[in-house]
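What follows is a short report on a single structure.
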Amino acid sequence: MLLSLIYWNLSTGFRNYILQEEMEKALPILEKLESTYKNHGNWEFLKHNSRQWRKIVSSSLPTDEQQLTLAEPRPSFRPERPDGRRNARRQPPPGAERPPGNEPPPRAERHTRTEPPQPPNQLTPFVMRLTVLDADNQLVFGRPLRDSKKLEKTITSDGKKVGTLVLTPDINFMDDRAIEFLSKQTRDLGLAAMLVIFLSFLIALPFARHLVLPIQRINRVTHLLASGNYETKIQRYSNDEIGGLARDVNRLAVTLKKNEISRQKWIADISHELRTPLAILQGELDALIDGIRKVTPETLNSLKQELNRLNALVQDLHELSLSDMGALSYNKENLDLTELIREFFESHEGHINASQIQLSLNIPDSGATLFADGNRLDQLAKNLLQNTLRYTDKPGELKVSVEKNTYGINLIWEDSSPGVPPADYPYLFERLYRVEKSRNRAKGGAGLGMAICKNIVEAHEGDISLFQSSLGGLGIKIYFPSV
C-alpha cells in the first residue's frame, strides 16, 4: 500500500512536470497563433487546415523539434468512393479467366506484409497532442478532447480571449528509462519510509512507556478514590502536565477526605442537636405521667419552649439545605439598602431596648442601591441581630454602618463583648459550630445562623468576613455589588 502510494505520487508529479515542460515549448506556437489570428480576424484560416498548421509550427519551433511533429500520420483506412463503397482491388469480370501461368499462388504461399516492431512506450510528439479551440470552446484544429488532465493556455487578441491552446498528456508519457528510474526511486523511498517507521517505533517505545506509567498510577489512585479510600496519594510525579494532573488528584483526595469528615461530623451534630430537646421533652412528659411533676402553666411553658427550640432548629436545617441546593427562591429587584436597614431597626426597636442594647446607626440618607431580594436581606439582618441579642453581655452596644465606594456597598455590623478569638473565625460559618465559652446551647443557638447568612450573601454575589470589633465584640463586614 505504501509503495503504491509513493509510486502514484511520483508518477503524477512526473507527468505534471513533463506536461509543464511541453507547454513551455509550445509557447512560441501560442504567440504565432495570436499574431496570425490578429491578421485574419477569425479562425477560418486554421479550421481543418493541416498545411496552415504545419506552417505555424515550422515557423515557431527549432528544426530539431520539427522532425517528428510535422509529418501527418498515414491514414489507417481506405477512402470511400462517391457511391459510398470502399475502394478495393479491381476484380476481373464474371466469367473471365486469368491467362495461363498467371494463377495466384496458393494462400499459404503468399507473402504476408509484416509491420516492423514498434519500440515499447513510443512517445507521441507534443505538437500532435495540441488542440486549438475558439472562444466558445469549439474545435478549430487538432484532436477532440477526451482527457480531463489537460493543460490550457488562453489565446488573446487585443486583450480579449479568442481561443484556447490545449495540451493533452501522452498515454505513454514515460519511456523505458524513465519507468526504470521511477521504479527505482519508488523502491528506495519505500525502503527509506519503512526504515523511518521502524526507527520511529524504536524511539517512541521508551517515550510511550514514560508517558503511560504515570497515567497508570493516576488510574489506580482514581479507582481507589472511587471506592472510598481517600488516604491514597500519588507519591511520584513530574513537573509537566501529567504531573499537574497528579497534583490535582492528590488535592482531590484531600478535599474528599475533608468532605467525608465534615459529613460525618454534620450527621453527628444534627443527631446531637435533635436528641437534646427530644430528651428534655421525654423527661418532662415522663415526669408528668409518673406524677412526679404536676401539670402547671410553668410546666407546659417549659415544654413549649423546647418544642419551639426544636422547631427553630428544623426550620434552620430546612432553609440551609435549600440554600445549599440552590433551591432557595430569590426575587431580586433594585432597592435601597439604607432604607431597608432603617425600616428593619424601627420594627425591632422594642426588642432591642428590652435586651438592654444601645443601637447606633451610621447610614447615609440614600444612594446605596443594589439588586437584591428584600425578604432575604431582612432574614440576614434578623440572624445577625439574634446573634447580637443572644450572646452580647447586658448592657451592650450595637453599631451598624453602611458605606458606599466605587466597588460596591459595605454593611458593617459591630457589637460589644464578649468577642470571638480570631482563631475561631474560619469556623464560625460552619454548620452547628459554637464557641463554647460564650456561644453555648444554653443561650438558644444551634450554630446555623452564620452559615445561613453566608449563603444569602453569596447568593447576592457578595462576600462576608469577620474582624475584631472596636466595641470589644465581633465585627462582621458584608460586601454587596452596587447597581
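Lettering and numbering for the C-alpha cells are positional, with chains as A, B, ... in the shown order, residues counted from 1 in each chain, and ligands counted from 1 in the shown order.
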Sel. of helix (DSSP H, G or I) residues, stretch 213-356 of chain A, as a PyMOL selection string: chain A and resi 213-226+241-289+297-325+337-347+349-354
Can you pull out the residues contacting A:Thr222? Cut-off 10 Å, using only C-alpha atoms, and skip same-chain residues under 3 positions away; I want them as a ChimeraX atom specification. /A:216-219,225-230,232-234,249-250,252-253
Just C-alpha atoms for this one: save the residues we selected as a compact mmCIF listing (two decimals), in the first residue's frame.
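What ended up in result_16.txt:
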```txt
# COMPACT_ATOMS: atom_id res chain seq x y z
CA GLN A 216 -1.41 4.07 35.04
CA ARG A 217 -0.52 5.31 38.54
CA ILE A 218 -3.16 8.04 38.28
CA ASN A 219 -5.67 5.47 37.06
CA LEU A 225 -10.78 7.19 45.38
CA ALA A 226 -13.92 5.95 43.65
CA SER A 227 -14.08 3.04 46.10
CA GLY A 228 -13.92 5.41 49.11
CA ASN A 229 -10.24 5.11 50.01
CA TYR A 230 -9.27 8.77 50.46
CA THR A 232 -4.17 7.08 48.94
CA LYS A 233 -1.93 9.52 47.12
CA ILE A 234 0.34 9.62 44.10
CA VAL A 249 -5.72 14.19 42.02
CA ASN A 250 -3.88 14.44 45.35
CA LEU A 252 -8.97 15.95 45.20
CA ALA A 253 -8.20 13.13 47.63
```
Fewer than 4 positions away in the same chain doesn't count, so skip those; otherwise give me all residues within 12 Å of A:Gln20, counting only C-alpha atoms, as a ChimeraX atom specification. /A:13-16,24-27,126,150-153,166-169
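Between atom CA of A:Thr186 and atom CA of A:Leu202 the interatomic distance comes to 24.2 Å.
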Spatial neighbours of A:Thr388, 12 Å, only C-alpha atoms, chain gap at least 2 places, as a ChimeraX atom specification: /A:351-352,355-359,381-386,390-400,413-419,438-439,443,445,449-450,473-476
Pick out the closest residue to A:Pro364 from this set: A:Val212, A:Leu448, A:Leu377, A:Val402. Count only C-alpha atoms. A:Val402
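Nearest residue to A:Leu61, choosing from A:Leu317, A:Ile29, A:Asn405, A:Arg187 and counting only C-alpha atoms: A:Ile29.
Taking atom CA of A:Leu274 and atom CA of A:Leu313 as the two end points, the separation is 8.0 Å.
Picture a line from atom CA of A:Pro422 to atom CA of A:Leu337; it runs 28.8 Å.
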Measuring between only C-alpha atoms, which one of A:Thr299, A:Leu46, A:Asp365, A:Leu195 shows the shortest distance to A:Leu133? A:Leu46
Between A:Pro28, A:Pro125, A:Gly244, A:Gly142, smallest distance to A:Ser50 by only C-alpha atoms belongs to A:Gly142
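In this comparison, which uses only C-alpha atoms, the residue of A:Lys55, A:Arg263, A:Arg247, A:Lys454 approaching A:Gln235 most closely is A:Arg247.
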Please list as a count of residues only every residue within 8 Å of A:Phe141, counting only C-alpha atoms and excluding residues in the same chain fewer than 3 positions away. 7
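Distance annotation: of A:Lys404, A:Lys304, A:Lys32, A:Lys265, the residue with the minimal separation from A:Leu285 is A:Lys304; atom set is only C-alpha atoms.
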